[in-house]
$ cat upload-v9.txt   # compact mmCIF, C-alpha atoms
# COMPACT_ATOMS: atom_id res chain seq x y z
CA MET A 1 9.07 -63.67 166.12
CA ASN A 2 12.86 -63.76 166.36
CA THR A 3 15.07 -65.79 164.03
CA SER A 4 15.39 -68.70 166.45
CA ASP A 5 11.62 -68.96 166.88
CA LEU A 6 11.06 -68.77 163.13
CA ARG A 7 13.60 -71.53 162.56
CA THR A 8 11.87 -73.71 165.15
CA LEU A 9 8.49 -73.03 163.50
CA THR A 10 9.75 -73.90 160.02
CA GLU A 11 11.52 -77.05 161.23
CA THR A 12 8.32 -78.14 162.98
CA LEU A 13 6.24 -77.58 159.86
CA GLY A 14 8.77 -79.50 157.79
CA LEU A 15 8.93 -82.47 160.15
CA GLN A 16 5.14 -82.65 160.45
CA ALA A 17 4.76 -82.49 156.67
CA LYS A 18 7.33 -85.25 156.17
CA GLN A 19 5.53 -87.50 158.64
CA ALA A 20 2.14 -86.75 157.07
CA SER A 21 3.49 -87.41 153.56
CA ALA A 22 4.20 -91.05 154.47
CA LEU A 23 0.56 -91.51 155.48
CA MET A 24 -0.76 -89.65 152.42
CA ALA A 25 1.34 -91.77 150.05
CA LYS A 26 -0.45 -94.95 151.15
CA ALA A 27 -3.93 -93.45 151.64
CA PRO A 28 -6.62 -95.28 149.63
CA ALA A 29 -8.16 -93.39 146.73
CA ALA A 30 -11.61 -93.58 148.34
CA ILE A 31 -10.39 -91.77 151.47
CA LYS A 32 -8.66 -89.03 149.49
CA ASN A 33 -11.77 -88.55 147.38
CA LYS A 34 -13.90 -88.42 150.54
CA ALA A 35 -11.74 -85.56 151.84
CA LEU A 36 -12.07 -83.65 148.57
CA LYS A 37 -15.86 -84.01 148.52
CA LYS A 38 -16.00 -82.94 152.16
CA LEU A 39 -13.90 -79.88 151.37
CA ALA A 40 -16.28 -78.92 148.55
CA GLU A 41 -19.18 -79.27 150.98
CA LEU A 42 -17.46 -77.10 153.61
CA LEU A 43 -16.61 -74.39 151.08
CA ARG A 44 -20.24 -74.09 149.98
CA ALA A 45 -21.46 -74.09 153.57
CA ASN A 46 -19.10 -71.29 154.60
CA VAL A 47 -19.40 -68.76 151.75
CA GLU A 48 -20.59 -65.92 153.99
CA ALA A 49 -18.03 -66.59 156.72
CA LEU A 50 -15.21 -66.75 154.16
CA GLN A 51 -16.29 -63.44 152.66
CA ILE A 52 -16.19 -61.79 156.10
CA ASP A 53 -12.56 -62.83 156.54
CA ASN A 54 -11.80 -61.91 152.94
CA ALA A 55 -13.25 -58.43 153.47
CA LYS A 56 -10.62 -57.79 156.16
CA ASP A 57 -7.86 -58.53 153.67
CA ILE A 58 -9.43 -56.37 150.97
CA GLU A 59 -9.93 -53.47 153.37
CA ARG A 60 -6.27 -53.59 154.40
CA ALA A 61 -5.12 -53.87 150.79
CA VAL A 62 -7.12 -50.84 149.67
CA ALA A 63 -5.94 -48.82 152.66
CA ALA A 64 -2.35 -49.76 151.86
CA GLY A 65 -2.76 -48.54 148.28
CA LEU A 66 -2.33 -51.97 146.67
CA ALA A 67 -2.69 -51.82 142.88
CA ALA A 68 -6.16 -52.56 141.50
CA PRO A 69 -5.15 -55.82 139.73
CA MET A 70 -3.69 -57.11 143.00
CA VAL A 71 -6.85 -56.20 144.93
CA ASP A 72 -8.88 -57.97 142.26
CA ARG A 73 -6.84 -61.12 142.77
CA LEU A 74 -7.62 -61.01 146.49
CA LYS A 75 -11.38 -61.31 146.11
CA LEU A 76 -13.14 -64.47 147.30
CA THR A 77 -16.45 -63.97 145.53
CA PRO A 78 -19.18 -66.63 145.64
CA LYS A 79 -18.22 -67.49 142.07
CA VAL A 80 -14.56 -67.99 143.02
CA ILE A 81 -15.53 -70.17 145.99
CA GLU A 82 -17.91 -72.23 143.84
CA THR A 83 -15.14 -72.75 141.26
CA CYS A 84 -12.89 -74.02 144.05
CA ALA A 85 -15.62 -76.40 145.22
CA GLN A 86 -16.17 -77.68 141.69
CA GLY A 87 -12.44 -78.18 141.31
CA CYS A 88 -12.40 -80.39 144.41
CA GLU A 89 -15.29 -82.45 143.03
CA GLN A 90 -13.65 -82.68 139.62
CA LEU A 91 -10.50 -84.02 141.25
CA ALA A 92 -12.49 -86.51 143.32
CA ALA A 93 -14.12 -87.86 140.16
CA MET A 94 -10.80 -88.38 138.41
CA ALA A 95 -8.96 -91.70 138.37
CA ASP A 96 -6.26 -92.12 141.00
CA ILE A 97 -2.93 -92.44 139.22
CA ILE A 98 -0.86 -93.13 142.35
CA GLY A 99 0.55 -96.66 142.20
CA GLU A 100 -0.29 -97.04 138.52
CA ILE A 101 2.29 -99.12 136.62
CA THR A 102 2.83 -98.25 132.98
CA ALA A 103 5.03 -99.40 130.08
CA LEU A 104 5.55 -102.85 131.60
CA ARG A 105 7.67 -104.84 129.16
CA GLN A 106 9.37 -108.20 129.08
CA GLN A 107 13.15 -108.27 128.76
CA PRO A 108 15.25 -111.06 127.19
CA SER A 109 16.47 -111.99 130.68
CA GLY A 110 12.91 -112.80 131.73
CA ILE A 111 12.37 -109.83 134.03
CA ARG A 112 9.55 -107.39 133.40
CA VAL A 113 10.34 -103.68 133.75
CA GLY A 114 7.82 -100.85 134.16
CA GLN A 115 7.33 -97.50 135.86
CA MET A 116 5.12 -96.71 138.85
CA ARG A 117 3.56 -93.31 139.49
CA VAL A 118 4.35 -92.11 143.04
CA PRO A 119 3.85 -88.87 145.02
CA ILE A 120 6.71 -86.36 145.12
CA GLY A 121 6.46 -86.25 148.92
CA VAL A 122 6.35 -82.72 150.33
CA PHE A 123 6.02 -79.56 148.30
CA GLY A 124 6.24 -76.01 149.51
CA MET A 125 3.94 -73.49 147.87
CA ILE A 126 4.77 -69.79 148.11
CA PHE A 127 2.16 -67.52 146.59
CA GLU A 128 0.82 -63.99 146.58
CA SER A 129 -2.61 -62.39 146.48
CA ARG A 130 -4.99 -65.10 145.32
CA PRO A 131 -6.41 -66.92 148.38
CA ASN A 132 -8.12 -69.49 146.14
CA VAL A 133 -4.63 -70.89 145.54
CA THR A 134 -4.86 -72.31 149.08
CA ILE A 135 -7.68 -74.59 147.95
CA GLU A 136 -6.13 -75.41 144.59
CA ALA A 137 -2.84 -76.40 146.21
CA ALA A 138 -4.51 -78.31 149.04
CA SER A 139 -6.89 -80.25 146.80
CA LEU A 140 -4.15 -81.25 144.37
CA SER A 141 -1.90 -82.25 147.25
CA ILE A 142 -4.62 -84.48 148.68
CA LYS A 143 -5.43 -86.15 145.34
CA SER A 144 -1.77 -86.75 144.48
CA GLY A 145 -0.98 -88.24 147.90
CA ASN A 146 1.46 -85.53 148.92
CA ALA A 147 1.80 -83.24 151.91
CA CYS A 148 2.27 -79.51 151.45
CA ILE A 149 3.36 -76.40 153.32
CA LEU A 150 1.60 -73.27 152.10
CA ARG A 151 2.93 -69.76 152.57
CA GLY A 152 0.50 -67.17 151.24
CA GLY A 153 1.06 -63.43 150.97
CA SER A 154 0.53 -61.18 153.96
CA GLU A 155 -2.20 -59.36 152.05
CA ALA A 156 -4.42 -62.50 152.15
CA ILE A 157 -3.57 -63.86 155.60
CA ASP A 158 -7.12 -63.83 157.04
CA SER A 159 -8.61 -65.46 153.95
CA ASN A 160 -5.87 -68.10 153.81
CA LYS A 161 -6.24 -68.99 157.50
CA ALA A 162 -10.00 -69.43 157.10
CA LEU A 163 -9.57 -71.64 154.03
CA ALA A 164 -6.76 -73.71 155.59
CA LYS A 165 -8.97 -74.37 158.62
CA LEU A 166 -11.64 -75.86 156.33
CA VAL A 167 -9.03 -77.99 154.58
CA GLN A 168 -7.77 -79.45 157.85
CA GLN A 169 -11.34 -80.08 158.99
CA ALA A 170 -12.02 -82.02 155.78
CA LEU A 171 -8.82 -84.04 156.25
CA THR A 172 -9.49 -85.03 159.87
CA GLU A 173 -13.15 -85.85 159.27
CA SER A 174 -12.05 -88.16 156.44
CA GLY A 175 -9.41 -89.98 158.46
CA LEU A 176 -6.34 -88.27 156.98
CA PRO A 177 -3.64 -86.36 158.91
CA ALA A 178 -4.42 -82.67 159.41
CA ASN A 179 -0.73 -81.88 158.90
CA ALA A 180 -0.95 -83.06 155.30
CA VAL A 181 -1.81 -79.43 154.52
CA GLN A 182 -0.21 -76.75 156.69
CA LEU A 183 -0.39 -73.00 156.32
CA VAL A 184 2.56 -70.97 157.59
CA PRO A 185 0.83 -68.90 160.31
CA THR A 186 3.18 -65.91 160.19
CA THR A 187 3.69 -63.27 157.50
CA ASP A 188 7.37 -62.84 158.37
CA ARG A 189 9.31 -63.00 155.10
CA GLU A 190 12.25 -64.74 156.73
CA VAL A 191 10.19 -67.93 156.74
CA VAL A 192 10.37 -68.05 152.94
CA GLY A 193 14.16 -68.14 153.00
CA GLN A 194 14.08 -71.00 155.52
CA LEU A 195 11.37 -72.97 153.73
CA ILE A 196 13.24 -73.02 150.41
CA ALA A 197 16.42 -74.25 152.10
CA MET A 198 15.08 -77.43 153.76
CA PRO A 199 15.86 -80.32 151.36
CA GLN A 200 15.61 -82.71 154.33
CA TYR A 201 11.89 -81.98 154.51
CA VAL A 202 10.80 -80.30 151.25
CA ASP A 203 11.11 -82.06 147.88
CA VAL A 204 10.07 -79.22 145.57
CA ILE A 205 9.16 -75.53 145.85
CA ILE A 206 6.43 -73.96 143.72
CA PRO A 207 6.37 -70.15 143.71
CA ARG A 208 3.28 -68.42 142.32
CA GLY A 209 3.34 -64.65 142.27
CA GLY A 210 5.21 -61.66 140.93
CA LYS A 211 8.42 -61.84 138.95
CA GLY A 212 10.48 -60.52 141.89
CA LEU A 213 9.28 -63.30 144.19
CA ILE A 214 9.93 -66.03 141.65
CA GLU A 215 13.38 -64.70 140.72
CA ARG A 216 14.37 -64.60 144.38
CA ILE A 217 13.20 -68.16 145.03
CA SER A 218 14.85 -69.50 141.88
CA ARG A 219 18.11 -67.84 142.92
CA GLU A 220 18.14 -68.88 146.59
CA ALA A 221 16.32 -72.24 146.73
CA LYS A 222 18.25 -75.34 147.73
CA VAL A 223 15.49 -77.62 146.46
CA PRO A 224 14.08 -77.95 142.92
CA VAL A 225 11.69 -75.19 141.77
CA ILE A 226 8.69 -75.40 139.40
CA LYS A 227 7.96 -71.90 138.12
CA HIS A 228 7.10 -69.37 135.47
CA LEU A 229 8.34 -65.79 135.52
CA ASP A 230 6.08 -63.97 133.05
CA GLY A 231 2.82 -64.41 131.22
CA ASN A 232 3.51 -62.52 127.99
CA CYS A 233 0.84 -64.35 125.95
CA HIS A 234 0.19 -63.73 122.25
CA THR A 235 -2.83 -64.02 120.00
CA TYR A 236 -2.03 -64.13 116.28
CA VAL A 237 -4.81 -63.30 113.78
CA ASP A 238 -3.94 -65.17 110.60
CA ASP A 239 -4.75 -64.66 106.93
CA PRO A 240 -7.18 -66.30 106.26
CA CYS A 241 -9.38 -66.20 109.35
CA ASP A 242 -13.01 -65.82 110.37
CA ILE A 243 -12.96 -62.10 111.18
CA ALA A 244 -16.03 -62.17 113.44
CA MET A 245 -14.62 -65.09 115.40
CA ALA A 246 -11.21 -63.45 115.62
CA VAL A 247 -12.72 -60.24 117.02
CA LYS A 248 -14.69 -62.20 119.63
CA VAL A 249 -11.68 -64.27 120.73
CA ALA A 250 -9.18 -61.38 120.73
CA ASP A 251 -11.60 -59.37 122.86
CA ASN A 252 -12.04 -62.20 125.38
CA ALA A 253 -8.33 -63.04 125.48
CA LYS A 254 -7.52 -59.49 126.56
CA THR A 255 -10.53 -58.06 128.37
CA ASN A 256 -12.18 -61.06 130.09
CA LYS A 257 -9.86 -60.32 133.01
CA TYR A 258 -6.71 -58.22 132.97
CA SER A 259 -4.84 -59.58 135.99
CA PRO A 260 -4.26 -63.30 135.19
CA CYS A 261 -1.06 -64.57 133.63
CA ASN A 262 -3.02 -66.14 130.73
CA ALA A 263 -4.49 -62.84 129.46
CA THR A 264 -3.22 -61.90 126.00
CA GLU A 265 -0.69 -59.08 126.21
CA SER A 266 0.34 -58.89 122.55
CA LEU A 267 -1.82 -59.05 119.44
CA LEU A 268 -0.20 -59.99 116.10
CA VAL A 269 -2.22 -59.45 112.93
CA ALA A 270 -1.46 -60.73 109.44
CA ARG A 271 -1.07 -57.92 106.92
CA GLY A 272 -3.74 -59.42 104.63
CA VAL A 273 -6.53 -59.01 107.21
CA ALA A 274 -5.21 -56.08 109.24
CA ALA A 275 -7.19 -53.34 107.45
CA GLU A 276 -10.46 -55.18 108.13
CA PHE A 277 -9.71 -56.62 111.56
CA LEU A 278 -7.91 -53.83 113.41
CA PRO A 279 -10.65 -51.15 113.24
CA LEU A 280 -13.16 -53.68 114.60
CA ILE A 281 -11.09 -54.87 117.54
CA GLY A 282 -9.76 -51.32 118.02
CA GLN A 283 -13.30 -50.05 118.59
CA ILE A 284 -13.93 -52.69 121.23
CA TYR A 285 -10.67 -51.93 123.00
CA ALA A 286 -11.38 -48.20 122.84
CA ASP A 287 -14.84 -48.71 124.33
CA LYS A 288 -13.32 -50.72 127.18
CA GLY A 289 -10.50 -48.27 127.82
CA VAL A 290 -7.71 -50.54 126.60
CA GLU A 291 -4.55 -48.68 125.66
CA MET A 292 -3.17 -49.88 122.30
CA ARG A 293 0.61 -49.77 121.87
CA CYS A 294 1.12 -50.17 118.14
CA ASP A 295 3.86 -50.70 115.60
CA PRO A 296 3.87 -48.18 112.69
CA GLN A 297 1.63 -50.30 110.41
CA ALA A 298 -1.01 -50.93 113.06
CA LEU A 299 -0.85 -47.29 114.10
CA GLU A 300 -1.42 -46.15 110.51
CA ILE A 301 -4.51 -48.37 110.11
CA LEU A 302 -6.02 -47.27 113.42
CA LYS A 303 -5.30 -43.60 112.69
CA GLN A 304 -7.47 -43.94 109.58
CA LYS A 305 -10.36 -44.90 111.86
CA TRP A 306 -9.60 -42.13 114.37
CA PRO A 307 -7.74 -39.43 112.40
CA LEU A 308 -8.06 -36.90 115.23
CA ALA A 309 -6.84 -39.23 117.96
CA PRO A 310 -3.44 -38.14 119.29
CA VAL A 311 -0.60 -40.63 119.40
CA HIS A 312 0.60 -40.64 123.00
CA HIS A 313 3.80 -41.50 124.70
CA ALA A 314 3.27 -44.39 127.11
CA GLN A 315 3.60 -42.24 130.23
CA THR A 316 0.85 -39.83 129.18
CA ALA A 317 -1.55 -42.30 127.62
CA ILE A 318 -3.22 -43.29 130.85
CA ASP A 319 -4.82 -39.86 131.14
CA SER A 320 -7.04 -40.64 128.16
CA VAL A 321 -8.30 -43.97 129.48
CA VAL A 322 -10.73 -42.21 131.78
CA THR A 323 -12.55 -40.61 128.83
CA LYS A 324 -12.84 -43.91 126.89
CA ALA A 325 -11.26 -42.17 123.90
CA PRO A 326 -9.03 -44.39 121.72
CA VAL A 327 -5.63 -44.50 123.38
CA LEU A 328 -3.04 -45.03 120.66
CA VAL A 329 0.60 -45.31 121.65
CA ALA A 330 3.68 -45.83 119.50
CA ALA A 331 5.12 -49.14 120.75
CA SER A 332 8.70 -49.37 121.90
CA GLU A 333 10.93 -52.45 121.72
CA ALA A 334 10.24 -53.07 125.42
CA ASP A 335 6.50 -53.41 124.74
CA TRP A 336 7.00 -56.68 122.85
CA PHE A 337 8.41 -58.26 126.04
CA GLU A 338 5.92 -56.74 128.48
CA GLU A 339 3.40 -58.51 130.71
CA TYR A 340 1.02 -55.61 131.47
CA LEU A 341 -1.60 -57.24 133.73
CA ALA A 342 -3.61 -54.12 132.91
CA PRO A 343 -5.89 -52.68 130.17
CA ILE A 344 -2.93 -52.30 127.80
CA ILE A 345 -2.08 -54.40 124.74
CA SER A 346 0.73 -54.26 122.20
CA ILE A 347 -0.29 -54.66 118.54
CA LYS A 348 1.93 -55.54 115.59
CA VAL A 349 1.19 -56.20 111.92
CA VAL A 350 3.19 -59.14 110.52
CA ALA A 351 3.61 -60.54 107.02
CA GLY A 352 2.12 -63.91 107.92
CA VAL A 353 2.45 -67.04 110.01
CA ASP A 354 6.24 -67.36 109.63
CA GLU A 355 6.89 -63.85 110.97
CA ALA A 356 4.30 -64.35 113.72
CA ILE A 357 6.03 -67.54 114.92
CA ALA A 358 9.45 -65.88 114.80
CA HIS A 359 8.15 -62.89 116.79
CA ILE A 360 6.54 -65.10 119.42
CA ASN A 361 9.60 -67.30 119.85
CA GLN A 362 11.74 -64.17 120.28
CA TYR A 363 9.56 -62.18 122.68
CA SER A 364 7.17 -64.67 124.30
CA SER A 365 7.58 -65.84 127.89
CA ARG A 366 6.76 -69.40 126.68
CA HIS A 367 3.46 -69.40 128.58
CA THR A 368 0.49 -69.49 126.17
CA ASP A 369 0.14 -68.43 122.53
CA ALA A 370 -2.79 -68.79 120.12
CA ILE A 371 -3.47 -68.64 116.38
CA LEU A 372 -6.86 -67.68 114.93
CA THR A 373 -7.01 -69.13 111.42
CA ARG A 374 -8.99 -70.96 108.76
CA ASP A 375 -5.86 -72.54 107.28
CA HIS A 376 -5.25 -76.05 108.63
CA MET A 377 -1.60 -76.09 107.52
CA HIS A 378 -0.93 -72.76 109.26
CA ALA A 379 -2.53 -74.13 112.41
CA GLN A 380 -0.39 -77.26 112.34
CA GLN A 381 2.77 -75.23 111.69
CA PHE A 382 1.94 -72.94 114.62
CA LEU A 383 1.37 -75.91 116.94
CA ARG A 384 4.67 -77.51 115.94
CA GLU A 385 6.92 -74.47 115.89
CA VAL A 386 5.76 -72.18 118.70
CA ASP A 387 7.89 -73.12 121.72
CA SER A 388 5.41 -72.49 124.56
CA ALA A 389 3.84 -74.50 127.37
CA SER A 390 0.36 -74.13 125.83
CA VAL A 391 -0.27 -73.54 122.11
CA MET A 392 -3.84 -72.96 120.94
CA VAL A 393 -5.87 -72.82 117.74
CA ASN A 394 -9.01 -70.70 117.39
CA THR A 395 -9.62 -70.07 121.06
CA SER A 396 -8.78 -67.67 123.88
CA THR A 397 -5.52 -67.79 125.81
CA ARG A 398 -7.68 -67.38 128.94
CA PHE A 399 -8.32 -71.14 128.78
CA ALA A 400 -4.73 -71.88 129.89
CA ASP A 401 -5.83 -73.03 133.31
CA GLY A 402 -5.83 -76.33 135.16
CA PHE A 403 -9.57 -76.22 135.86
CA GLU A 404 -10.39 -75.49 132.22
CA TYR A 405 -7.99 -78.24 131.07
CA GLY A 406 -9.87 -80.77 133.18
CA LEU A 407 -7.08 -81.15 135.73
CA GLY A 408 -9.46 -80.30 138.57
CA ALA A 409 -7.19 -77.46 139.63
CA GLU A 410 -3.64 -76.33 139.08
CA ILE A 411 -0.75 -75.76 141.40
CA GLY A 412 0.60 -73.19 138.97
CA ILE A 413 1.78 -72.93 135.39
CA SER A 414 5.29 -74.00 134.51
CA THR A 415 7.22 -72.54 131.60
CA ASP A 416 10.18 -74.77 132.47
CA LYS A 417 10.70 -77.90 130.40
CA PHE A 418 11.57 -80.06 133.44
CA HIS A 419 9.94 -81.49 135.54
CA ALA A 420 6.50 -80.25 134.45
CA ARG A 421 5.28 -77.87 131.72
CA GLY A 422 2.05 -75.90 131.40
CA PRO A 423 -0.69 -76.08 134.05
CA VAL A 424 0.63 -78.36 136.79
CA GLY A 425 -2.00 -80.80 137.98
CA ILE A 426 -1.84 -84.25 139.58
CA GLU A 427 0.83 -85.69 137.27
CA GLY A 428 3.06 -82.66 137.83
CA LEU A 429 3.03 -83.44 141.56
CA THR A 430 4.16 -87.02 141.05
CA SER A 431 7.32 -88.80 140.06
CA LEU A 432 8.09 -92.17 138.50
CA LYS A 433 10.10 -95.03 139.87
CA TYR A 434 11.10 -98.18 138.06
CA VAL A 435 9.59 -101.46 139.19
CA VAL A 436 11.10 -104.78 138.17
CA LEU A 437 9.14 -108.05 138.37
CA GLY A 438 10.89 -111.38 138.26
CA GLU A 439 10.53 -115.07 139.02
CA GLY A 440 13.99 -115.89 140.30
CA GLU A 441 16.03 -114.62 137.36
CA VAL A 442 19.72 -113.84 138.02
CA ARG A 443 22.10 -111.81 135.88
CA VAL A 444 24.78 -113.71 134.05

$ encode --input "upload-v9.txt" --output "structure tokens"
Amino acid sequence: MNTSDLRTLTETLGLQAKQASALMAKAPAAIKNKALKKLAELLRANVEALQIDNAKDIERAVAAGLAAPMVDRLKLTPKVIETCAQGCEQLAAMADIIGEITALRQQPSGIRVGQMRVPIGVFGMIFESRPNVTIEAASLSIKSGNACILRGGSEAIDSNKALAKLVQQALTESGLPANAVQLVPTTDREVVGQLIAMPQYVDVIIPRGGKGLIERISREAKVPVIKHLDGNCHTYVDDPCDIAMAVKVADNAKTNKYSPCNATESLLVARGVAAEFLPLIGQIYADKGVEMRCDPQALEILKQKWPLAPVHHAQTAIDSVVTKAPVLVAASEADWFEEYLAPIISIKVVAGVDEAIAHINQYSSRHTDAILTRDHMHAQQFLREVDSASVMVNTSTRFADGFEYGLGAEIGISTDKFHARGPVGIEGLTSLKYVVLGEGEVRV
């Protein structure tokens, strides 16, 4: 398509979304919930068909040499589809907050002042790889009474089209406008630039993908952006802690899945438990082929377990992963900032909770950070002082997810402090307006 055609397409999508948003804003909760339940039903009924379309995307991605973590994100397995369906049902079961008036208070003048929860209007969602984001975005848009324009990555175009078709079927069969959820039908990148520069139609842009994509959108957008750039998540093993529990959680936080932004990328260990804890978790990581990039203290402890293991430079370490031998690497300063999205973890021994908090607040991407401890005061200090969107005690960072938080789904995770922070669910897709109730009062 030429530039003129693309501009016409984007303008049409924007106008249709704006018109649909007015209908969605006043849609009854029962109708929105009906659409969500119908979508769950359609997803379960079309698992095989969805996988056929998804296989086309995966085949192209592999042929194009797409990195393994990116291919992994593309997969629409039955489990992924079922999670999407459950998310729709979870949203349908939740209370409808649209139109809710809170904090209503009487003023000396006699008027009563409160705030009403209202939809944002139209949001544009630009995402890469994960086709399940189509359902997460659509279902949250429906529940929150918004309209949305979705632009997925070219690598998932067949999967996204198949999913968007089911969404529009659920909308129309439930009496809602099909244009409440629109998928950009072209993979031309010029559309992104046009979509993020349409404040007359789009109220907020939500990018979900690689750092390059998000930086570009943040730089060029003419509408507000809800975003996070990195997922450099930390797990801190405190002194005192339950060692067995800490090993189990630190394993899950890193190895449950390497590609998500909520996987732990940096492990901090209190000096008092390091000699006992590190060899145990080190063995698990070694067995799973996880490269360990260590500070001098961690390296010294792990070398006592594997005295013959060579200490690699980062660029040569990957050769040893294939053999499942312990891959020990001397960490560089850059490692403390890194989001690997791969079987690599940085490990540092710290004096205690104060140094752990200072390290996290210096190097963290403000996404998700966890403490594993038996000390209640340390846990409370960690919760108060770590400046991240999600802060956890005695559990895996992998739980930083809208579905796991009971939000039904998430539109993304925000590390900004305005307008939303953490997993963005229904409330993050709404705004507040003041409502004033009177009985003829006038200002004097």

$ residues_around --input "upload-v9.txt" --residues "region 60-72 of chain A" --least-positions-apart "6" --cutoff "8 Å" --atoms "only C-alpha atoms" --output "number ranges by chain"
A: 129, 155, 258-259, 341-342

$ closest_atom_pairs --input "upload-v9.txt" --of "region 89-171 of chain A" --to "region 420-428 of chain A" --cutoff "8 Å" --atoms "all atoms listed in the file" --output "JSON lines"
{"residue": "A:Ile97", "atom": "CA", "partner": "A:Glu427", "partner_atom": "CA", "distance": 8.0}
{"residue": "A:Leu140", "atom": "CA", "partner": "A:Ile426", "partner_atom": "CA", "distance": 6.1}
{"residue": "A:Ser141", "atom": "CA", "partner": "A:Ile426", "partner_atom": "CA", "distance": 7.9}
{"residue": "A:Lys143", "atom": "CA", "partner": "A:Ile426", "partner_atom": "CA", "distance": 7.0}
{"residue": "A:Ser144", "atom": "CA", "partner": "A:Ile426", "partner_atom": "CA", "distance": 5.5}

$ atom_distance --input "upload-v9.txt" --atom1 "CA of Asn132 (chain A)" --atom2 "CA of Ala180 (chain A)"
17.9 Å

$ residues_around --input "upload-v9.txt" --residues "Ser396 (chain A)" --least-positions-apart "3" --cutoff "9 Å" --atoms "all atoms listed in the file" --output "number ranges by chain"
A: 235, 249-254, 263-264, 370, 392-393, 399-400

$ write_last_selection --input "upload-v9.txt" --atoms "C-alpha atoms" --output "mmCIF file, in the frame of the given file"
data_model
loop_
_atom_site.group_PDB
_atom_site.id
_atom_site.type_symbol
_atom_site.label_atom_id
_atom_site.label_comp_id
_atom_site.auth_asym_id
_atom_site.auth_seq_id
_atom_site.Cartn_x
_atom_site.Cartn_y
_atom_site.Cartn_z
ATOM 1 C CA THR A 235 -2.830 -64.020 120.000
ATOM 2 C CA VAL A 249 -11.680 -64.270 120.730
ATOM 3 C CA ALA A 250 -9.180 -61.380 120.730
ATOM 4 C CA ASP A 251 -11.600 -59.370 122.860
ATOM 5 C CA ASN A 252 -12.040 -62.200 125.380
ATOM 6 C CA ALA A 253 -8.330 -63.040 125.480
ATOM 7 C CA LYS A 254 -7.520 -59.490 126.560
ATOM 8 C CA ALA A 263 -4.490 -62.840 129.460
ATOM 9 C CA THR A 264 -3.220 -61.900 126.000
ATOM 10 C CA ALA A 370 -2.790 -68.790 120.120
ATOM 11 C CA MET A 392 -3.840 -72.960 120.940
ATOM 12 C CA VAL A 393 -5.870 -72.820 117.740
ATOM 13 C CA PHE A 399 -8.320 -71.140 128.780
ATOM 14 C CA ALA A 400 -4.730 -71.880 129.890
#

$ closest_residue --input "upload-v9.txt" --among "A:Gly114, A:Gly412, A:Gly124, A:Gly402" --to "Val192 (chain A)" --atoms "all atoms listed in the file"
A:Gly124

$ atom_distance --input "upload-v9.txt" --atom1 "CA of Arg44 (chain A)" --atom2 "CA of Lys75 (chain A)"
16.0 Å

$ atom_distance --input "upload-v9.txt" --atom1 "CA of Glu41 (chain A)" --atom2 "CA of Asn146 (chain A)"
21.7 Å

$ closest_residue --input "upload-v9.txt" --among "A:Val435, A:Cys294, A:Ala351, A:Val269" --to "Thr373 (chain A)" --atoms "all atoms listed in the file"
A:Val269
